[in-house]
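Have a look at run.csv; it's CSV, C-alpha atoms:
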```
chain,number,residue,atom,x,y,z
A,1,MET,CA,-19.3,1.1,-23.7
A,2,THR,CA,-17.2,3.5,-25.7
A,3,PRO,CA,-14.6,6.1,-24.7
A,4,ASP,CA,-17.2,8.8,-25.5
A,5,SER,CA,-19.7,7.3,-23.1
A,6,LEU,CA,-17.1,7.1,-20.4
A,7,ALA,CA,-16.1,10.7,-20.9
A,8,ARG,CA,-19.8,11.8,-20.8
A,9,TRP,CA,-20.5,9.9,-17.6
A,10,ASN,CA,-17.5,11.4,-16.0
A,11,ARG,CA,-18.6,14.9,-17.0
A,12,GLU,CA,-22.1,14.3,-15.8
A,13,LEU,CA,-21.2,12.7,-12.5
A,14,ARG,CA,-18.6,15.2,-11.5
A,15,SER,CA,-21.1,17.5,-9.8
A,16,ARG,CA,-23.1,14.8,-8.1
A,17,SER,CA,-22.8,13.6,-4.5
A,18,PRO,CA,-21.2,10.3,-3.6
A,19,LEU,CA,-24.6,8.8,-2.8
A,20,GLU,CA,-26.0,9.9,-6.2
A,21,ILE,CA,-23.0,8.4,-8.0
A,22,THR,CA,-23.4,5.2,-6.0
A,23,ARG,CA,-27.1,5.0,-6.9
A,24,TRP,CA,-26.2,5.7,-10.6
A,25,ALA,CA,-23.6,2.9,-10.6
A,26,VAL,CA,-26.1,0.4,-9.1
A,27,ALA,CA,-28.6,1.3,-11.7
A,28,GLN,CA,-26.1,0.6,-14.5
A,29,ALA,CA,-25.4,-2.9,-13.1
A,30,GLY,CA,-28.6,-4.7,-13.8
A,31,GLY,CA,-28.5,-6.4,-10.4
A,32,ARG,CA,-24.8,-7.3,-10.7
A,33,ALA,CA,-23.0,-4.6,-8.8
A,34,VAL,CA,-20.3,-5.5,-6.2
A,35,LEU,CA,-18.4,-3.5,-3.7
A,36,SER,CA,-14.9,-4.4,-2.7
A,37,THR,CA,-13.5,-3.5,0.8
A,38,ASN,CA,-10.6,-4.2,3.0
A,39,PHE,CA,-12.0,-2.5,6.2
A,40,ARG,CA,-9.2,0.0,6.2
A,41,PRO,CA,-9.8,3.5,7.7
A,42,TYR,CA,-12.8,5.3,6.3
A,43,GLU,CA,-14.1,2.2,4.5
A,44,ALA,CA,-17.3,2.5,6.5
A,45,VAL,CA,-18.2,5.5,4.4
A,46,MET,CA,-18.4,3.5,1.1
A,47,LEU,CA,-20.0,0.6,2.8
A,48,HIS,CA,-22.8,2.8,4.2
A,49,LEU,CA,-23.3,4.5,0.8
A,50,ALA,CA,-23.5,1.2,-1.1
A,51,THR,CA,-25.9,-0.4,1.3
A,52,GLN,CA,-28.2,2.7,1.0
A,53,ALA,CA,-28.2,2.2,-2.7
A,54,GLN,CA,-28.6,-1.6,-2.6
A,55,PRO,CA,-29.0,-3.1,0.9
A,56,ASP,CA,-28.0,-6.6,-0.3
A,57,ILE,CA,-25.0,-5.6,-2.5
A,58,PRO,CA,-22.3,-8.3,-2.4
A,59,VAL,CA,-19.3,-7.0,-0.5
A,60,LEU,CA,-16.1,-8.7,-1.7
A,61,TRP,CA,-13.5,-8.9,1.1
A,62,VAL,CA,-10.1,-10.7,0.6
A,63,ASP,CA,-9.2,-11.9,4.0
A,64,HIS,CA,-5.5,-12.7,3.4
A,65,GLY,CA,-5.1,-13.8,7.0
A,66,TYR,CA,-2.7,-11.0,8.0
A,67,ASN,CA,-5.2,-8.5,9.4
A,68,ARG,CA,-4.7,-7.2,12.9
A,69,PRO,CA,-7.3,-8.2,15.6
A,70,ALA,CA,-8.8,-4.7,15.5
A,71,THR,CA,-9.5,-5.0,11.8
A,72,TYR,CA,-11.4,-8.3,12.3
A,73,ARG,CA,-13.4,-6.8,15.1
A,74,HIS,CA,-14.1,-3.7,13.0
A,75,ALA,CA,-15.3,-5.9,10.1
A,76,GLU,CA,-17.7,-7.8,12.3
A,77,GLN,CA,-19.0,-4.6,13.8
A,78,LEU,CA,-19.8,-3.1,10.4
A,79,ARG,CA,-21.2,-6.4,9.1
A,80,THR,CA,-23.7,-6.4,12.0
A,81,ARG,CA,-24.4,-2.7,12.0
A,82,LEU,CA,-25.0,-2.4,8.2
A,83,GLY,CA,-26.3,-5.9,7.5
A,84,LEU,CA,-23.5,-6.5,5.0
A,85,ASN,CA,-23.9,-9.2,2.5
A,86,LEU,CA,-20.2,-10.0,3.1
A,87,LYS,CA,-18.4,-12.4,0.7
A,88,PRO,CA,-15.0,-13.3,2.2
A,89,TYR,CA,-12.5,-14.8,-0.2
A,90,LEU,CA,-9.4,-16.5,1.3
A,91,PRO,CA,-6.1,-17.5,-0.4
A,92,ALA,CA,-5.5,-21.1,-1.4
A,93,VAL,CA,-2.9,-21.3,1.4
A,94,THR,CA,-3.2,-20.0,5.0
A,95,ALA,CA,-0.9,-17.3,6.4
A,96,ALA,CA,0.7,-19.9,8.7
A,97,HIS,CA,1.4,-22.2,5.7
A,98,ARG,CA,3.0,-19.5,3.7
A,99,ASP,CA,5.1,-18.2,6.6
A,100,ALA,CA,6.3,-21.6,7.5
A,101,LEU,CA,7.8,-22.0,4.0
A,102,HIS,CA,9.0,-18.5,3.3
A,103,GLY,CA,9.3,-16.6,6.5
A,104,SER,CA,7.8,-13.2,7.3
A,105,VAL,CA,6.1,-10.9,4.9
A,106,PRO,CA,8.7,-9.2,2.6
A,107,GLY,CA,9.7,-5.7,3.5
A,108,LEU,CA,9.4,-2.5,1.4
A,109,ASP,CA,12.9,-2.9,0.0
A,110,ASP,CA,11.9,-6.3,-1.6
A,111,GLU,CA,9.6,-5.2,-4.5
A,112,ALA,CA,9.7,-8.6,-6.2
A,113,GLY,CA,8.9,-10.4,-3.0
A,114,LEU,CA,6.0,-8.1,-2.2
A,115,LYS,CA,4.6,-8.7,-5.7
A,116,LYS,CA,4.8,-12.5,-5.2
A,117,PHE,CA,3.2,-12.2,-1.8
A,118,SER,CA,0.4,-10.0,-3.2
A,119,ALA,CA,-0.3,-12.3,-6.1
A,120,LEU,CA,-0.6,-15.3,-3.9
A,121,MET,CA,-2.4,-13.9,-0.9
A,122,LYS,CA,-4.5,-11.1,-2.3
A,123,LEU,CA,-4.8,-11.0,-6.1
A,124,GLU,CA,-5.7,-14.7,-6.7
A,125,PRO,CA,-8.6,-14.7,-4.2
A,126,PHE,CA,-9.8,-11.4,-5.5
A,127,GLN,CA,-9.8,-12.6,-9.1
A,128,ARG,CA,-11.6,-15.8,-8.0
A,129,GLY,CA,-14.2,-13.6,-6.2
A,130,LEU,CA,-14.9,-11.5,-9.2
A,131,ARG,CA,-15.2,-14.6,-11.4
A,132,GLU,CA,-17.7,-16.2,-9.1
A,133,LEU,CA,-19.7,-13.0,-8.3
A,134,ALA,CA,-19.5,-12.0,-12.0
A,135,PRO,CA,-20.3,-8.3,-11.6
A,136,THR,CA,-20.9,-5.8,-14.4
A,137,VAL,CA,-20.1,-2.8,-12.0
A,138,TRP,CA,-17.3,-2.8,-9.4
A,139,LEU,CA,-17.7,-0.1,-6.7
A,140,THR,CA,-14.5,1.0,-4.9
A,141,ALA,CA,-13.5,3.4,-2.1
A,142,LEU,CA,-10.5,4.7,-4.1
A,143,ARG,CA,-9.6,8.4,-3.4
A,144,ARG,CA,-7.2,10.7,-5.1
A,145,VAL,CA,-5.5,11.8,-1.9
A,146,GLN,CA,-4.5,8.2,-0.9
A,147,ASN,CA,-1.4,8.1,-3.1
A,148,ALA,CA,0.2,9.6,-6.2
A,149,GLY,CA,-0.8,6.6,-8.3
A,150,ARG,CA,-4.5,7.5,-7.8
A,151,ALA,CA,-4.3,11.2,-8.6
A,152,ASP,CA,-5.3,10.8,-12.2
A,153,LEU,CA,-8.1,8.3,-11.8
A,154,ASP,CA,-11.6,8.9,-13.2
A,155,LEU,CA,-14.8,8.5,-11.4
A,156,VAL,CA,-15.9,5.9,-14.0
A,157,SER,CA,-13.6,3.7,-16.0
A,158,LEU,CA,-13.4,0.4,-17.7
A,159,ASP,CA,-11.1,-1.7,-15.6
A,160,PRO,CA,-8.6,-3.4,-18.0
A,161,HIS,CA,-7.8,-6.2,-15.5
A,162,PHE,CA,-11.3,-7.5,-14.9
A,163,GLY,CA,-13.4,-6.1,-17.7
A,164,VAL,CA,-15.9,-4.4,-15.5
A,165,LEU,CA,-17.1,-0.8,-15.1
A,166,LYS,CA,-15.2,0.5,-12.1
A,167,VAL,CA,-16.9,3.4,-10.2
A,168,SER,CA,-15.3,5.3,-7.3
A,169,PRO,CA,-18.0,7.6,-5.7
A,170,VAL,CA,-15.7,9.1,-3.0
A,171,LEU,CA,-12.8,9.7,-5.4
A,172,GLU,CA,-12.8,13.5,-4.8
A,173,TRP,CA,-13.3,13.5,-1.0
A,174,SER,CA,-10.7,14.5,1.5
A,175,ASP,CA,-10.0,12.9,4.8
A,176,GLN,CA,-11.9,15.7,6.4
A,177,GLN,CA,-15.0,15.0,4.3
A,178,MET,CA,-14.8,11.3,5.1
A,179,GLU,CA,-14.5,12.1,8.8
A,180,ALA,CA,-17.5,14.4,8.7
A,181,TYR,CA,-19.6,11.6,7.0
A,182,LEU,CA,-18.6,9.1,9.7
A,183,THR,CA,-19.6,11.6,12.4
A,184,GLU,CA,-22.9,12.5,10.7
A,185,HIS,CA,-23.9,8.8,10.5
A,186,ALA,CA,-22.3,7.7,13.8
A,187,LEU,CA,-20.1,5.2,11.9
A,188,PRO,CA,-17.0,3.6,13.4
A,189,ASN,CA,-13.5,3.9,12.1
A,190,GLU,CA,-10.4,1.7,12.6
A,191,TRP,CA,-6.8,3.0,12.6
A,192,ASP,CA,-4.9,-0.1,13.4
A,193,TYR,CA,-5.2,-1.4,9.8
A,194,HIS,CA,-2.2,-2.6,7.9
A,195,ASP,CA,-2.0,-4.1,4.4
A,196,PRO,CA,1.1,-6.3,4.2
A,197,ALA,CA,0.7,-6.6,0.4
A,198,LYS,CA,1.4,-2.8,0.1
A,199,ALA,CA,3.9,-2.3,2.9
A,200,ASP,CA,3.1,1.4,3.0
A,201,GLU,CA,0.5,3.8,1.6
A,202,ARG,CA,2.6,5.0,-1.3
A,203,ARG,CA,2.6,1.6,-3.0
A,204,GLU,CA,-0.2,-0.3,-4.7
A,205,CYS,CA,-0.9,-4.0,-4.0
A,206,GLY,CA,-1.8,-4.8,-7.6
A,207,LEU,CA,-5.6,-4.7,-7.6
A,208,HIS,CA,-5.4,-1.2,-9.1
A,209,ALA,CA,-2.0,-1.3,-10.7
A,210,ALA,CA,-0.9,-2.4,-14.2
A,211,TRP,CA,1.3,-5.3,-12.9
A,212,GLY,CA,-1.5,-6.9,-11.0
A,213,ARG,CA,-3.2,-8.9,-13.8
A,214,ALA,CA,-0.1,-10.6,-14.9
A,215,ALA,CA,1.2,-11.2,-11.4
A,216,ALA,CA,-2.0,-13.0,-10.4
A,217,GLY,CA,-1.8,-15.3,-13.5
A,218,SER,CA,0.7,-17.5,-11.8
A,219,THR,CA,0.0,-18.0,-8.1
A,220,ALA,CA,1.4,-21.4,-7.3
A,221,LEU,CA,3.1,-21.4,-3.9
A,222,PRO,CA,6.9,-20.9,-4.7
A,223,GLN,CA,9.1,-23.6,-3.3
A,224,PRO,CA,11.5,-22.6,-0.4
```
Encoded form using structure tokens:
Amino acid sequence: MTPDSLARWNRELRSRSPLEITRWAVAQAGGRAVLSTNFRPYEAVMLHLATQAQPDIPVLWVDHGYNRPATYRHAEQLRTRLGLNLKPYLPAVTAAHRDALHGSVPGLDDEAGLKKFSALMKLEPFQRGLRELAPTVWLTALRRVQNAGRADLDLVSLDPHFGVLKVSPVLEWSDQQMEAYLTEHALPNEWDYHDPAKADERRECGLHAAWGRAAAGSTALPQP
């Protein structure tokens, strides 16, 4: 694909609905589309859209072991409700193993520690998942309103970290639009979600940030 084709796709898709964009993305994939999820609030919207376009689409979920009980229950509820072809990927070490050697998850004031945590517990299993699933198209639930780092994203882009076409069908949607979709389709939401690799919503964990590819290249468990 060329920069011209990416620009054309973004122009053409701008006026289409999220479902139309999702179906377009699946059609480009040649049977090799994947959707990533973390079961955070509003993720049910993209999961519903993707399974309408391709019911058996692989759903890549990095279960880093630090999710709250409500998130695990929410994941199981959606897996059953939508018939998700869920592909969980776990870190090479358990949460208990990591914590025993290094203590609790780093706080927001420890940027270097957070990056090491993210590389080990999230980025490595995600990269392993993409290698094994080998998609040509990666569907995401990214939205501009989530944080400042996503304000300039395109609907369609070539992801430089993983070499796949990344498509974000709900990129332009507000929280109100997401809420309306959940209501229309009687889908559950989950508000107890917390991502320890991000610490807060203004920060990126590395999956969609420039530092992520290099950070995940070295994921041996550091010695205490």
Looking at all atoms listed in the file, which of A:Ala197, A:Val145, A:Ile57, A:Leu82 is the one that sits closest to A:Glu172?
-> A:Val145
Between stretch 73-188 of chain A and stretch 8-19 of chain A, at 9 Å or less, what are the per-residue closest atom pairs and their distances in Å? Count all atoms listed in the file, order by chain and rising residue number, and return it as CSV.
```
residue,atom,partner,partner_atom,distance
A:Asp154,CA,A:Asn10,CA,7.0
A:Leu155,CA,A:Asn10,CA,6.1
A:Val156,CA,A:Asn10,CA,6.1
A:Ser157,CA,A:Asn10,CA,8.6
A:Ser168,CA,A:Pro18,CA,8.6
A:Pro169,CA,A:Pro18,CA,4.7
A:Val170,CA,A:Pro18,CA,5.7
A:Leu171,CA,A:Pro18,CA,8.6
A:Trp173,CA,A:Pro18,CA,8.9
```
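Near stretch 62-73 of chain A, within 7 Å and counting only C-alpha atoms, sit A:Asn38, A:Phe39, A:Leu60, A:Ala75, A:Glu76, A:Gln77, A:Pro88, A:Tyr89, A:Leu90, A:Pro91, A:Thr94, A:Ala95, A:Met121, A:Lys122, A:Pro125, A:Phe126, A:Glu190, A:Asp192, A:Tyr193, A:His194; same-chain residues fewer than 2 positions away were not included.
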Those same residues, written as a PDB file, in the coordinates of the input with C-alpha atoms?
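File produced: part-v8.pdb:
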```pdb
ATOM      1  CA  ASN A  38     -10.600  -4.200   3.000  1.00  0.00           C
ATOM      2  CA  PHE A  39     -12.000  -2.500   6.200  1.00  0.00           C
ATOM      3  CA  LEU A  60     -16.100  -8.700  -1.700  1.00  0.00           C
ATOM      4  CA  ALA A  75     -15.300  -5.900  10.100  1.00  0.00           C
ATOM      5  CA  GLU A  76     -17.700  -7.800  12.300  1.00  0.00           C
ATOM      6  CA  GLN A  77     -19.000  -4.600  13.800  1.00  0.00           C
ATOM      7  CA  PRO A  88     -15.000 -13.300   2.200  1.00  0.00           C
ATOM      8  CA  TYR A  89     -12.500 -14.800  -0.200  1.00  0.00           C
ATOM      9  CA  LEU A  90      -9.400 -16.500   1.300  1.00  0.00           C
ATOM     10  CA  PRO A  91      -6.100 -17.500  -0.400  1.00  0.00           C
ATOM     11  CA  THR A  94      -3.200 -20.000   5.000  1.00  0.00           C
ATOM     12  CA  ALA A  95      -0.900 -17.300   6.400  1.00  0.00           C
ATOM     13  CA  MET A 121      -2.400 -13.900  -0.900  1.00  0.00           C
ATOM     14  CA  LYS A 122      -4.500 -11.100  -2.300  1.00  0.00           C
ATOM     15  CA  PRO A 125      -8.600 -14.700  -4.200  1.00  0.00           C
ATOM     16  CA  PHE A 126      -9.800 -11.400  -5.500  1.00  0.00           C
ATOM     17  CA  GLU A 190     -10.400   1.700  12.600  1.00  0.00           C
ATOM     18  CA  ASP A 192      -4.900  -0.100  13.400  1.00  0.00           C
ATOM     19  CA  TYR A 193      -5.200  -1.400   9.800  1.00  0.00           C
ATOM     20  CA  HIS A 194      -2.200  -2.600   7.900  1.00  0.00           C
TER      21      HIS A 194
END
```
What would the list of residues within 12 Å of (-27.9, -1.0, -12.6) (file frame) look like as a ChimeraX atom specification, if all atoms listed in the file are what count?
-> /A:21-34,53-54,57,135-139,165
